[in-house]
file query23.txt (compact mmCIF, C-alpha atoms)
# COMPACT_ATOMS: atom_id res chain seq x y z
CA MET R 286 -5.42 -25.01 -94.72
CA LYS R 287 -4.83 -27.82 -92.20
CA ASP R 288 -6.52 -30.35 -94.53
CA PHE R 289 -4.48 -29.11 -97.51
CA ILE R 290 -1.20 -29.44 -95.61
CA SER R 291 -2.18 -32.93 -94.42
CA PHE R 292 -3.07 -33.97 -97.98
CA PHE R 293 0.16 -32.51 -99.41
CA PHE R 294 2.45 -34.19 -96.89
CA LYS R 295 0.56 -37.47 -97.13
CA GLY R 296 1.25 -37.56 -100.87
CA PHE R 297 4.88 -36.59 -100.22
CA PHE R 298 5.20 -39.39 -97.65
CA LEU R 299 3.58 -41.96 -99.96
CA PHE R 300 5.91 -41.03 -102.79
CA PHE R 301 8.94 -42.02 -100.71
CA THR R 302 7.44 -45.01 -98.91
CA ASP R 303 5.05 -46.74 -101.31
CA ARG R 304 6.39 -48.24 -104.55
CA ASN R 305 2.92 -48.75 -105.98
CA PHE R 306 2.11 -45.08 -105.47
CA ARG R 307 5.22 -44.12 -107.42
CA ILE R 308 4.27 -46.55 -110.19
CA PHE R 309 0.76 -45.07 -110.31
CA LEU R 310 2.15 -41.54 -110.62
CA ARG R 311 4.51 -42.63 -113.39
CA LEU R 312 1.68 -44.30 -115.28
CA PHE R 313 -0.59 -41.32 -114.74
CA PHE R 314 1.80 -38.63 -115.96
CA ILE R 315 3.13 -40.65 -118.91
CA ASN R 316 -0.37 -41.46 -120.14
CA ALA R 317 -2.39 -38.43 -119.03
CA PHE R 318 -2.76 -37.01 -122.53
CA LYS R 319 -2.93 -40.18 -124.58
CA LYS R 320 -5.91 -40.74 -126.82
CA GLY R 321 -8.57 -42.85 -125.16
CA TYR R 322 -9.84 -46.22 -126.38
CA THR R 323 -6.54 -46.99 -128.09
CA GLU R 324 -4.52 -50.13 -127.47
CA SER R 325 -1.20 -49.60 -125.74
CA ASN R 326 1.32 -51.43 -123.56
CA ALA R 327 2.40 -50.82 -119.99
CA SER R 328 4.86 -52.30 -117.53
CA ALA R 329 4.30 -52.26 -113.79
CA ASN R 330 5.32 -54.46 -110.87
CA GLY R 331 7.26 -56.72 -113.21
CA LEU R 332 4.13 -57.25 -115.30
CA LYS R 333 3.78 -56.58 -119.00
CA ILE R 334 0.24 -55.47 -119.72
CA ARG R 335 -1.62 -54.84 -122.95
CA THR R 336 -4.41 -52.33 -122.49
CA ALA R 337 -7.53 -51.38 -124.43
CA ASP R 338 -7.65 -47.92 -122.89
CA MET R 339 -4.62 -46.70 -120.95
CA LYS R 340 -6.54 -44.25 -118.74
CA SER R 341 -8.84 -47.05 -117.57
CA PHE R 342 -5.83 -49.23 -116.75
CA VAL R 343 -4.10 -46.43 -114.79
CA TRP R 344 -7.08 -46.11 -112.46
CA GLN R 345 -7.42 -49.87 -112.23
CA TYR R 346 -3.80 -49.96 -111.05
CA TYR R 347 -4.54 -47.19 -108.55
CA GLU R 348 -7.45 -49.08 -107.00
CA ILE R 349 -6.11 -52.63 -107.18
CA PHE R 350 -2.36 -52.35 -106.58
CA PHE R 351 -2.01 -49.08 -104.68
CA ARG R 352 -5.30 -48.92 -102.74
CA ASN R 353 -5.40 -52.72 -102.35
CA PHE R 354 -9.14 -52.92 -102.92
CA TYR R 355 -9.05 -56.70 -103.35
CA THR R 356 -6.65 -57.67 -100.56
CA PHE R 357 -8.33 -59.99 -98.07
CA ASN R 358 -7.34 -62.22 -95.18
CA THR R 359 -7.77 -65.94 -95.53
CA SER R 360 -6.79 -69.10 -93.69
CA SER R 361 -7.33 -71.20 -96.82
CA LYS R 362 -4.23 -72.85 -98.26
CA GLN R 363 -5.81 -72.61 -101.70
CA PRO R 364 -8.30 -69.73 -101.63
CA VAL R 365 -11.05 -69.79 -104.24
CA ILE R 366 -11.51 -66.49 -106.07
CA TYR R 367 -14.26 -65.67 -108.58
CA ASP R 368 -13.67 -62.60 -110.71
CA CYS R 369 -16.84 -61.50 -112.50
CA GLY R 370 -16.01 -58.70 -114.91
CA ALA R 371 -12.28 -59.40 -115.20
CA ASN R 372 -11.77 -56.86 -118.01
CA ILE R 373 -8.15 -56.90 -119.30
CA GLY R 374 -6.95 -58.91 -116.29
CA THR R 375 -5.49 -56.31 -113.90
CA SER R 376 -7.41 -57.93 -111.04
CA VAL R 377 -6.48 -61.47 -112.12
CA LEU R 378 -2.80 -60.52 -112.22
CA PHE R 379 -3.08 -59.00 -108.75
CA PHE R 380 -4.82 -62.09 -107.34
CA SER R 381 -2.19 -64.37 -108.87
CA LEU R 382 0.67 -62.35 -107.36
CA LYS R 383 -0.95 -61.85 -103.96
CA TYR R 384 -2.38 -65.37 -103.61
CA PRO R 385 -0.13 -67.65 -105.72
CA GLN R 386 -1.83 -70.82 -104.46
CA ALA R 387 -5.33 -69.54 -105.23
CA ARG R 388 -7.71 -71.02 -107.76
CA ILE R 389 -8.99 -68.08 -109.79
CA VAL R 390 -12.07 -68.29 -112.03
CA ALA R 391 -12.54 -65.22 -114.22
CA PHE R 392 -15.39 -64.12 -116.52
CA GLU R 393 -15.37 -61.44 -119.20
CA ALA R 394 -18.25 -60.87 -121.62
CA SER R 395 -16.62 -58.75 -124.35
CA PRO R 396 -14.84 -60.90 -126.98
CA TYR R 397 -12.46 -58.02 -127.75
CA ILE R 398 -11.55 -57.37 -124.10
CA PHE R 399 -11.38 -61.11 -123.45
CA GLY R 400 -8.68 -61.40 -126.13
CA ILE R 401 -6.59 -58.82 -124.26
CA LEU R 402 -7.30 -60.55 -120.93
CA GLU R 403 -6.15 -63.87 -122.37
CA SER R 404 -2.94 -62.40 -123.79
CA ASN R 405 -2.10 -60.69 -120.47
CA ILE R 406 -2.55 -63.92 -118.55
CA LYS R 407 -0.37 -65.86 -121.00
CA LYS R 408 2.45 -63.31 -121.32
CA ASN R 409 2.73 -63.05 -117.51
CA ASN R 410 2.78 -66.84 -117.07
CA VAL R 411 -0.29 -67.01 -114.85
CA THR R 412 -1.16 -70.69 -114.39
CA ASN R 413 -3.76 -70.59 -111.60
CA ALA R 414 -6.55 -68.78 -113.47
CA THR R 415 -9.31 -70.20 -115.65
CA LEU R 416 -10.83 -67.72 -118.09
CA HIS R 417 -14.40 -67.79 -119.45
CA LEU R 418 -15.72 -65.72 -122.36
CA ASN R 419 -19.17 -65.26 -120.84
CA ALA R 420 -21.42 -62.74 -119.16
CA VAL R 421 -22.43 -63.89 -115.69
CA TRP R 422 -26.20 -63.75 -115.60
CA ILE R 423 -29.41 -65.23 -114.20
CA LYS R 424 -29.74 -67.94 -116.86
CA ASP R 425 -27.98 -69.53 -119.80
CA GLU R 426 -28.95 -67.53 -122.86
CA ILE R 427 -27.70 -65.30 -125.65
CA ILE R 428 -28.07 -61.66 -124.59
CA GLU R 429 -27.36 -58.26 -126.09
CA PHE R 430 -24.24 -56.62 -124.70
CA SER R 431 -23.13 -52.98 -125.00
CA ASP R 432 -19.42 -53.28 -125.81
CA GLU R 433 -17.91 -49.81 -125.26
CA GLY R 434 -14.33 -50.98 -125.82
CA ALA R 435 -12.77 -50.39 -122.39
CA ASP R 436 -13.95 -51.16 -118.85
CA SER R 437 -17.66 -50.28 -119.00
CA GLY R 438 -19.27 -52.93 -121.20
CA SER R 439 -22.73 -53.82 -119.92
CA VAL R 440 -25.78 -56.01 -120.45
CA TYR R 441 -27.69 -52.73 -120.12
CA SER R 442 -27.89 -50.36 -123.05
CA ILE R 443 -25.12 -47.77 -123.39
CA SER R 444 -26.06 -45.22 -126.04
CA ASP R 445 -22.67 -44.88 -127.77
CA ALA R 446 -21.56 -48.49 -127.40
CA LYS R 447 -21.54 -51.17 -130.08
CA LYS R 448 -24.28 -53.77 -129.51
CA ILE R 449 -23.22 -57.40 -129.82
CA LYS R 450 -24.64 -60.79 -128.87
CA VAL R 451 -22.80 -62.72 -126.13
CA GLN R 452 -23.27 -66.03 -124.36
CA ALA R 453 -24.49 -65.55 -120.79
CA VAL R 454 -24.23 -68.26 -118.13
CA ASP R 455 -26.35 -68.94 -115.07
CA PHE R 456 -23.89 -67.99 -112.34
CA LEU R 457 -26.01 -69.62 -109.64
CA GLU R 458 -25.47 -73.05 -111.19
CA ILE R 459 -21.73 -72.43 -111.36
CA ILE R 460 -21.18 -71.44 -107.73
CA LYS R 461 -23.50 -74.18 -106.46
CA LYS R 462 -20.59 -76.53 -107.21
CA GLU R 463 -18.28 -74.76 -104.75
CA ASP R 464 -18.06 -75.59 -101.05
CA LYS R 465 -16.52 -72.24 -100.19
CA ILE R 466 -15.62 -69.04 -102.03
CA ASP R 467 -13.00 -66.92 -100.30
CA PHE R 468 -13.45 -63.87 -102.51
CA LEU R 469 -16.18 -62.94 -104.97
CA LYS R 470 -15.70 -59.88 -107.17
CA ILE R 471 -18.76 -58.55 -109.00
CA ASP R 472 -17.96 -55.64 -111.30
CA ILE R 473 -20.49 -56.12 -114.09
CA GLU R 474 -21.72 -52.62 -114.87
CA GLY R 475 -25.26 -52.76 -113.52
CA ALA R 476 -26.05 -56.46 -113.86
CA GLU R 477 -25.30 -56.85 -110.13
CA ASN R 478 -28.85 -55.60 -109.54
CA ASP R 479 -30.18 -58.76 -111.20
CA LEU R 480 -27.41 -61.17 -110.28
CA LEU R 481 -27.15 -60.70 -106.53
CA PRO R 482 -30.78 -61.62 -105.71
CA HIS R 483 -30.42 -64.60 -108.04
CA ILE R 484 -27.36 -66.01 -106.22
CA ALA R 485 -28.43 -65.00 -102.70
CA SER R 486 -29.03 -68.61 -101.63
CA GLN R 487 -25.32 -69.34 -102.12
CA LEU R 488 -23.89 -66.34 -100.27
CA ASP R 489 -23.47 -68.21 -97.00
CA LYS R 490 -20.46 -69.94 -98.57
CA VAL R 491 -18.84 -66.61 -99.56
CA GLU R 492 -16.37 -65.04 -97.12
CA ASN R 493 -15.63 -61.73 -98.87
CA ILE R 494 -17.48 -59.96 -101.65
CA PHE R 495 -16.77 -56.81 -103.66
CA ILE R 496 -19.67 -55.24 -105.56
CA GLU R 497 -19.47 -52.20 -107.79
CA TYR R 498 -23.00 -50.85 -107.54
CA HIS R 499 -24.41 -48.87 -110.49
CA SER R 500 -27.49 -46.67 -110.26
CA PHE R 501 -28.83 -45.81 -113.73
CA ASN R 502 -31.12 -42.80 -114.08
CA TYR R 503 -33.69 -44.73 -116.10
CA LYS R 504 -33.87 -47.73 -113.73
CA GLU R 505 -35.19 -48.21 -110.23
CA GLN R 506 -32.56 -47.92 -107.51
CA ASN R 507 -31.87 -51.27 -105.80
CA LEU R 508 -29.20 -50.39 -103.26
CA ASP R 509 -31.54 -51.14 -100.36
CA ALA R 510 -32.27 -54.62 -101.72
CA ILE R 511 -28.57 -55.39 -102.20
CA LEU R 512 -27.67 -54.24 -98.68
CA MET R 513 -30.55 -56.26 -97.23
CA ILE R 514 -29.30 -59.40 -98.99
CA LEU R 515 -25.84 -58.83 -97.54
CA LYS R 516 -27.26 -58.28 -94.06
CA GLN R 517 -29.42 -61.40 -94.25
CA HIS R 518 -26.33 -63.46 -95.07
CA HIS R 519 -24.33 -62.04 -92.17
CA PHE R 520 -22.03 -59.70 -94.04
CA ARG R 521 -20.76 -56.47 -92.60
CA TYR R 522 -20.28 -53.87 -95.30
CA TYR R 523 -18.34 -50.70 -96.02
CA ILE R 524 -19.46 -48.33 -98.80
CA GLN R 525 -17.29 -45.93 -100.76
CA HIS R 526 -18.42 -43.33 -103.31
CA VAL R 527 -16.57 -43.64 -106.61
CA ASN R 528 -17.57 -40.25 -108.00
CA ASP R 529 -18.50 -37.13 -106.11
CA ARG R 530 -21.43 -34.98 -107.18
CA LYS R 531 -21.44 -31.35 -106.13
CA LYS R 532 -24.81 -29.76 -105.34
CA PRO R 533 -26.68 -33.08 -105.58
CA PHE R 534 -30.09 -31.40 -105.19
CA ILE R 535 -29.25 -29.13 -108.15
CA ASN R 536 -27.11 -31.37 -110.37
CA ILE R 537 -29.75 -34.03 -110.88
CA GLN R 538 -28.70 -36.14 -113.84
CA LYS R 539 -31.57 -36.84 -116.21
CA ASP R 540 -29.85 -38.55 -119.13
CA LYS R 541 -29.40 -42.30 -119.50
CA GLY R 542 -26.16 -42.32 -117.57
CA MET R 543 -25.51 -43.15 -113.92
CA ASP R 544 -26.45 -40.92 -111.00
CA MET R 545 -24.51 -42.98 -108.44
CA LEU R 546 -21.55 -45.36 -108.47
CA LEU R 547 -20.46 -47.11 -105.28
CA ASN R 548 -17.89 -49.65 -104.18
CA ILE R 549 -19.32 -52.08 -101.64
CA PHE R 550 -16.87 -54.15 -99.59
CA ALA R 551 -18.63 -56.88 -97.60
CA TYR R 552 -17.07 -59.46 -95.33
CA LYS R 553 -17.95 -62.05 -92.72
CA ILE R 554 -16.87 -61.33 -89.15

call {"tool": "encode", "arguments": {"input": "query23.txt", "output": "structure tokens"}}
result
Amino acid sequence: MKDFISFFFKGFFLFFTDRNFRIFLRLFFINAFKKGYTESNASANGLKIRTADMKSFVWQYYEIFFRNFYTFNTSSKQPVIYDCGANIGTSVLFFSLKYPQARIVAFEASPYIFGILESNIKKNNVTNATLHLNAVWIKDEIIEFSDEGADSGSVYSISDAKKIKVQAVDFLEIIKKEDKIDFLKIDIEGAENDLLPHIASQLDKVENIFIEYHSFNYKEQNLDAILMILKQHHFRYYIQHVNDRKKPFINIQKDKGMDMLLNIFAYKI
């Protein structure tokens, strides 16, 4: 009962004190019953946003604008931000508003989602972001990409997703050219397991890194390897579960989906 009362009054308090919480609630209740994977338009924080899937955007807004997942401290006058897996641009718009002097480099692999990303950047007059229609990867090559039409496209196979060929780029060669990266976002639906070991030699120049870690049932779990890489390069990390699984010893997922999804926030002290 004590926890319930605390939760209830916390929400009540946030409603009256946090504008982004009120915007999230408005977006949530207006769009709760809309058909998924359908293009729509939204307005929030003075931004006009075209979406591929409104429910995905609502939760992006919750994490990015309300929960401030990507807010970081920096002494740089022009922080360098790399956004790998930019999707429709919710994160790019946030970075541009929060860090107007930043240089933002964004990558999105899906041609369809990239078109929406590009239109959102243009219609909101963002001038400090460079967009790349590429998958960040371990080498320059054409790869098969599962394009599911919202925020979960992946270089790994997704059973119900359309398979397309996309141009991948060797991300190591790209970040070698930077002296310092203030924030690196890696939300690439499983490819982080391959990418992070590949770019490990360049992580000393990164100050803050966000990794969405995906554990697929049919692949070996690599969380230990990722955390070891972060430790070796002097990051301190905080881990947050994205989805809760009740009775984890009983509800063992055996399909080709994910059995664990984590947000990893890592930063230099």

call {"tool": "closest_residue", "arguments": {"input": "query23.txt", "among": "R:Phe550, R:Phe468, R:Phe392, R:Phe306", "to": "Asn358 in chain R", "atoms": "all atoms listed in the file"}}
result
R:Phe468

call {"tool": "closest_residue", "arguments": {"input": "query23.txt", "among": "R:Phe313, R:Tyr322, R:Phe357, R:Tyr498", "to": "Trp344 in chain R", "atoms": "all atoms listed in the file"}}
result
R:Phe313

call {"tool": "closest_atom_pairs", "arguments": {"input": "query23.txt", "of": "range 314-399 of chain R", "to": "range 481-491 of chain R", "cutoff": "12 Å", "atoms": "all atoms listed in the file", "output": "Markdown table"}}
result
| residue | atom | partner | partner_atom | distance |
| --- | --- | --- | --- | --- |
| R:Thr359 | CA | R:Val491 | CA | 11.8 |
| R:Pro364 | CA | R:Val491 | CA | 11.2 |
| R:Val365 | CA | R:Val491 | CA | 9.6 |
| R:Ile366 | CA | R:Val491 | CA | 9.8 |
| R:Tyr367 | CA | R:Val491 | CA | 10.2 |
| R:Cys369 | CA | R:Leu481 | CA | 11.9 |

call {"tool": "atom_distance", "arguments": {"input": "query23.txt", "atom1": "CA of Gly331 in chain R", "atom2": "CA of Leu378 in chain R"}}
result
10.8 Å

call {"tool": "atom_distance", "arguments": {"input": "query23.txt", "atom1": "CA of Val454 in chain R", "atom2": "CA of Ile423 in chain R"}}
result
7.2 Å

call {"tool": "residues_around", "arguments": {"input": "query23.txt", "residues": "Ser437 in chain R", "least_positions_apart": "2", "cutoff": "10 Å", "atoms": "only C-alpha atoms", "output": "short mmCIF file (atom, residue, chain, number, x, y, z; two decimals) with C-alpha atoms, in the frame of the given file"}}
result
data_model
loop_
_atom_site.label_atom_id
_atom_site.label_comp_id
_atom_site.auth_asym_id
_atom_site.auth_seq_id
_atom_site.Cartn_x
_atom_site.Cartn_y
_atom_site.Cartn_z
CA SER R 341 -8.84 -47.05 -117.57
CA GLY R 370 -16.01 -58.70 -114.91
CA ASN R 372 -11.77 -56.86 -118.01
CA SER R 431 -23.13 -52.98 -125.00
CA ASP R 432 -19.42 -53.28 -125.81
CA GLU R 433 -17.91 -49.81 -125.26
CA GLY R 434 -14.33 -50.98 -125.82
CA ALA R 435 -12.77 -50.39 -122.39
CA SER R 439 -22.73 -53.82 -119.92
CA ILE R 443 -25.12 -47.77 -123.39
CA ALA R 446 -21.56 -48.49 -127.40
CA ASP R 472 -17.96 -55.64 -111.30
CA ILE R 473 -20.49 -56.12 -114.09
CA GLU R 474 -21.72 -52.62 -114.87
CA GLY R 475 -25.26 -52.76 -113.52
#

call {"tool": "closest_residue", "arguments": {"input": "query23.txt", "among": "R:Thr302, R:Ser328, R:Val343, R:Ser361", "to": "Phe314 in chain R", "atoms": "only C-alpha atoms"}}
result
R:Val343

call {"tool": "atom_distance", "arguments": {"input": "query23.txt", "atom1": "CA of Phe495 in chain R", "atom2": "CA of Ser376 in chain R"}}
result
12.0 Å

call {"tool": "axis_aligned_box", "arguments": {"input": "query23.txt", "around": "range 374-383 of chain R", "padding_each_side": "5 Å", "output": "lines of an AutoDock Vina configuration file"}}
result
center_x = -3.4
center_y = -60.3
center_z = -110.1
size_x = 18.1
size_y = 18.1
size_z = 22.3

call {"tool": "closest_residue", "arguments": {"input": "query23.txt", "among": "R:Asp368, R:Asp436, R:Asp509, R:Glu348", "to": "Ser381 in chain R", "atoms": "only C-alpha atoms"}}
result
R:Asp368

call {"tool": "closest_residue", "arguments": {"input": "query23.txt", "among": "R:Lys340, R:Asn502, R:Glu492, R:Lys383", "to": "Asp464 in chain R", "atoms": "only C-alpha atoms"}}
result
R:Glu492

call {"tool": "decode", "arguments": {"input": "query23.txt", "residues": "range 456-493 of chain R", "atoms": "N, CA and C atoms", "output": "PDB file, in the first residue's frame"}}
result
ATOM      1  N   PHE R 456      32.368   1.326 -39.058  1.00  0.00           N
ATOM      2  CA  PHE R 456      32.260   2.436 -38.112  1.00  0.00           C
ATOM      3  C   PHE R 456      33.596   2.763 -37.456  1.00  0.00           C
ATOM      4  N   LEU R 457      34.455   1.765 -37.338  1.00  0.00           N
ATOM      5  CA  LEU R 457      35.780   2.003 -36.774  1.00  0.00           C
ATOM      6  C   LEU R 457      36.534   3.050 -37.583  1.00  0.00           C
ATOM      7  N   GLU R 458      36.502   2.931 -38.905  1.00  0.00           N
ATOM      8  CA  GLU R 458      37.225   3.865 -39.759  1.00  0.00           C
ATOM      9  C   GLU R 458      36.644   5.270 -39.671  1.00  0.00           C
ATOM     10  N   ILE R 459      35.362   5.365 -39.376  1.00  0.00           N
ATOM     11  CA  ILE R 459      34.720   6.677 -39.258  1.00  0.00           C
ATOM     12  C   ILE R 459      35.151   7.380 -37.979  1.00  0.00           C
ATOM     13  N   ILE R 460      35.090   6.675 -36.842  1.00  0.00           N
ATOM     14  CA  ILE R 460      35.404   7.358 -35.582  1.00  0.00           C
ATOM     15  C   ILE R 460      36.907   7.505 -35.342  1.00  0.00           C
ATOM     16  N   LYS R 461      37.714   6.801 -36.128  1.00  0.00           N
ATOM     17  CA  LYS R 461      39.163   7.025 -36.049  1.00  0.00           C
ATOM     18  C   LYS R 461      39.515   8.473 -36.367  1.00  0.00           C
ATOM     19  N   LYS R 462      38.677   9.126 -37.146  1.00  0.00           N
ATOM     20  CA  LYS R 462      38.946  10.499 -37.592  1.00  0.00           C
ATOM     21  C   LYS R 462      38.634  11.538 -36.523  1.00  0.00           C
ATOM     22  N   GLU R 463      37.964  11.119 -35.450  1.00  0.00           N
ATOM     23  CA  GLU R 463      37.594  12.054 -34.383  1.00  0.00           C
ATOM     24  C   GLU R 463      38.650  12.079 -33.287  1.00  0.00           C
ATOM     25  N   ASP R 464      38.874  13.264 -32.724  1.00  0.00           N
ATOM     26  CA  ASP R 464      39.774  13.387 -31.571  1.00  0.00           C
ATOM     27  C   ASP R 464      39.051  13.056 -30.274  1.00  0.00           C
ATOM     28  N   LYS R 465      37.768  13.410 -30.239  1.00  0.00           N
ATOM     29  CA  LYS R 465      36.971  13.178 -29.033  1.00  0.00           C
ATOM     30  C   LYS R 465      35.504  13.035 -29.437  1.00  0.00           C
ATOM     31  N   ILE R 466      34.811  12.126 -28.775  1.00  0.00           N
ATOM     32  CA  ILE R 466      33.372  11.970 -28.968  1.00  0.00           C
ATOM     33  C   ILE R 466      32.721  12.145 -27.605  1.00  0.00           C
ATOM     34  N   ASP R 467      31.882  13.156 -27.485  1.00  0.00           N
ATOM     35  CA  ASP R 467      31.268  13.458 -26.191  1.00  0.00           C
ATOM     36  C   ASP R 467      30.144  12.499 -25.848  1.00  0.00           C
ATOM     37  N   PHE R 468      29.415  12.048 -26.885  1.00  0.00           N
ATOM     38  CA  PHE R 468      28.317  11.116 -26.638  1.00  0.00           C
ATOM     39  C   PHE R 468      28.185  10.187 -27.823  1.00  0.00           C
ATOM     40  N   LEU R 469      28.152   8.891 -27.526  1.00  0.00           N
ATOM     41  CA  LEU R 469      27.972   7.870 -28.554  1.00  0.00           C
ATOM     42  C   LEU R 469      26.741   7.051 -28.206  1.00  0.00           C
ATOM     43  N   LYS R 470      25.753   7.081 -29.090  1.00  0.00           N
ATOM     44  CA  LYS R 470      24.523   6.309 -28.896  1.00  0.00           C
ATOM     45  C   LYS R 470      24.538   5.124 -29.849  1.00  0.00           C
ATOM     46  N   ILE R 471      24.385   3.924 -29.292  1.00  0.00           N
ATOM     47  CA  ILE R 471      24.355   2.705 -30.099  1.00  0.00           C
ATOM     48  C   ILE R 471      23.060   1.969 -29.804  1.00  0.00           C
ATOM     49  N   ASP R 472      22.095   2.131 -30.704  1.00  0.00           N
ATOM     50  CA  ASP R 472      20.803   1.468 -30.589  1.00  0.00           C
ATOM     51  C   ASP R 472      20.539   0.799 -31.932  1.00  0.00           C
ATOM     52  N   ILE R 473      21.172  -0.362 -32.143  1.00  0.00           N
ATOM     53  CA  ILE R 473      21.199  -0.978 -33.465  1.00  0.00           C
ATOM     54  C   ILE R 473      20.703  -2.427 -33.438  1.00  0.00           C
ATOM     55  N   GLU R 474      19.798  -2.696 -32.520  1.00  0.00           N
ATOM     56  CA  GLU R 474      19.000  -3.921 -32.524  1.00  0.00           C
ATOM     57  C   GLU R 474      19.806  -5.210 -32.633  1.00  0.00           C
ATOM     58  N   GLY R 475      20.833  -5.331 -31.814  1.00  0.00           N
ATOM     59  CA  GLY R 475      21.602  -6.569 -31.743  1.00  0.00           C
ATOM     60  C   GLY R 475      22.983  -6.472 -32.335  1.00  0.00           C
ATOM     61  N   ALA R 476      23.184  -5.574 -33.292  1.00  0.00           N
ATOM     62  CA  ALA R 476      24.493  -5.453 -33.935  1.00  0.00           C
ATOM     63  C   ALA R 476      25.549  -4.889 -32.998  1.00  0.00           C
ATOM     64  N   GLU R 477      25.122  -4.367 -31.820  1.00  0.00           N
ATOM     65  CA  GLU R 477      26.092  -3.891 -30.832  1.00  0.00           C
ATOM     66  C   GLU R 477      27.020  -5.008 -30.388  1.00  0.00           C
ATOM     67  N   ASN R 478      26.544  -6.250 -30.430  1.00  0.00           N
ATOM     68  CA  ASN R 478      27.362  -7.384 -30.018  1.00  0.00           C
ATOM     69  C   ASN R 478      28.570  -7.576 -30.929  1.00  0.00           C
ATOM     70  N   ASP R 479      28.431  -7.197 -32.191  1.00  0.00           N
ATOM     71  CA  ASP R 479      29.547  -7.262 -33.134  1.00  0.00           C
ATOM     72  C   ASP R 479      30.318  -5.953 -33.180  1.00  0.00           C
ATOM     73  N   LEU R 480      29.593  -4.839 -33.074  1.00  0.00           N
ATOM     74  CA  LEU R 480      30.217  -3.535 -33.280  1.00  0.00           C
ATOM     75  C   LEU R 480      31.139  -3.125 -32.138  1.00  0.00           C
ATOM     76  N   LEU R 481      30.695  -3.327 -30.900  1.00  0.00           N
ATOM     77  CA  LEU R 481      31.478  -2.803 -29.779  1.00  0.00           C
ATOM     78  C   LEU R 481      32.886  -3.405 -29.697  1.00  0.00           C
ATOM     79  N   PRO R 482      33.056  -4.723 -29.830  1.00  0.00           N
ATOM     80  CA  PRO R 482      34.432  -5.247 -29.852  1.00  0.00           C
ATOM     81  C   PRO R 482      35.257  -4.677 -31.009  1.00  0.00           C
ATOM     82  N   HIS R 483      34.585  -4.424 -32.121  1.00  0.00           N
ATOM     83  CA  HIS R 483      35.284  -3.916 -33.309  1.00  0.00           C
ATOM     84  C   HIS R 483      35.818  -2.499 -33.089  1.00  0.00           C
ATOM     85  N   ILE R 484      35.086  -1.666 -32.346  1.00  0.00           N
ATOM     86  CA  ILE R 484      35.511  -0.265 -32.153  1.00  0.00           C
ATOM     87  C   ILE R 484      36.192  -0.040 -30.805  1.00  0.00           C
ATOM     88  N   ALA R 485      36.455  -1.116 -30.071  1.00  0.00           N
ATOM     89  CA  ALA R 485      36.978  -0.984 -28.705  1.00  0.00           C
ATOM     90  C   ALA R 485      38.239  -0.138 -28.634  1.00  0.00           C
ATOM     91  N   SER R 486      39.095  -0.217 -29.641  1.00  0.00           N
ATOM     92  CA  SER R 486      40.358   0.527 -29.618  1.00  0.00           C
ATOM     93  C   SER R 486      40.154   2.038 -29.618  1.00  0.00           C
ATOM     94  N   GLN R 487      38.959   2.492 -29.989  1.00  0.00           N
ATOM     95  CA  GLN R 487      38.681   3.930 -30.061  1.00  0.00           C
ATOM     96  C   GLN R 487      37.852   4.440 -28.882  1.00  0.00           C
ATOM     97  N   LEU R 488      37.539   3.584 -27.932  1.00  0.00           N
ATOM     98  CA  LEU R 488      36.643   3.997 -26.855  1.00  0.00           C
ATOM     99  C   LEU R 488      37.293   4.918 -25.831  1.00  0.00           C
ATOM    100  N   ASP R 489      38.607   5.004 -25.833  1.00  0.00           N
ATOM    101  CA  ASP R 489      39.263   5.932 -24.909  1.00  0.00           C
ATOM    102  C   ASP R 489      38.919   7.383 -25.234  1.00  0.00           C
ATOM    103  N   LYS R 490      38.521   7.652 -26.458  1.00  0.00           N
ATOM    104  CA  LYS R 490      38.172   9.026 -26.852  1.00  0.00           C
ATOM    105  C   LYS R 490      36.692   9.339 -26.629  1.00  0.00           C
ATOM    106  N   VAL R 491      35.928   8.345 -26.153  1.00  0.00           N
ATOM    107  CA  VAL R 491      34.491   8.530 -25.921  1.00  0.00           C
ATOM    108  C   VAL R 491      34.253   8.852 -24.451  1.00  0.00           C
ATOM    109  N   GLU R 492      33.471   9.896 -24.190  1.00  0.00           N
ATOM    110  CA  GLU R 492      33.185  10.311 -22.818  1.00  0.00           C
ATOM    111  C   GLU R 492      31.935   9.646 -22.248  1.00  0.00           C
ATOM    112  N   ASN R 493      30.900   9.523 -23.057  1.00  0.00           N
ATOM    113  CA  ASN R 493      29.632   8.932 -22.622  1.00  0.00           C
ATOM    114  C   ASN R 493      29.122   8.015 -23.725  1.00  0.00           C
TER     115      ASN R 493
END
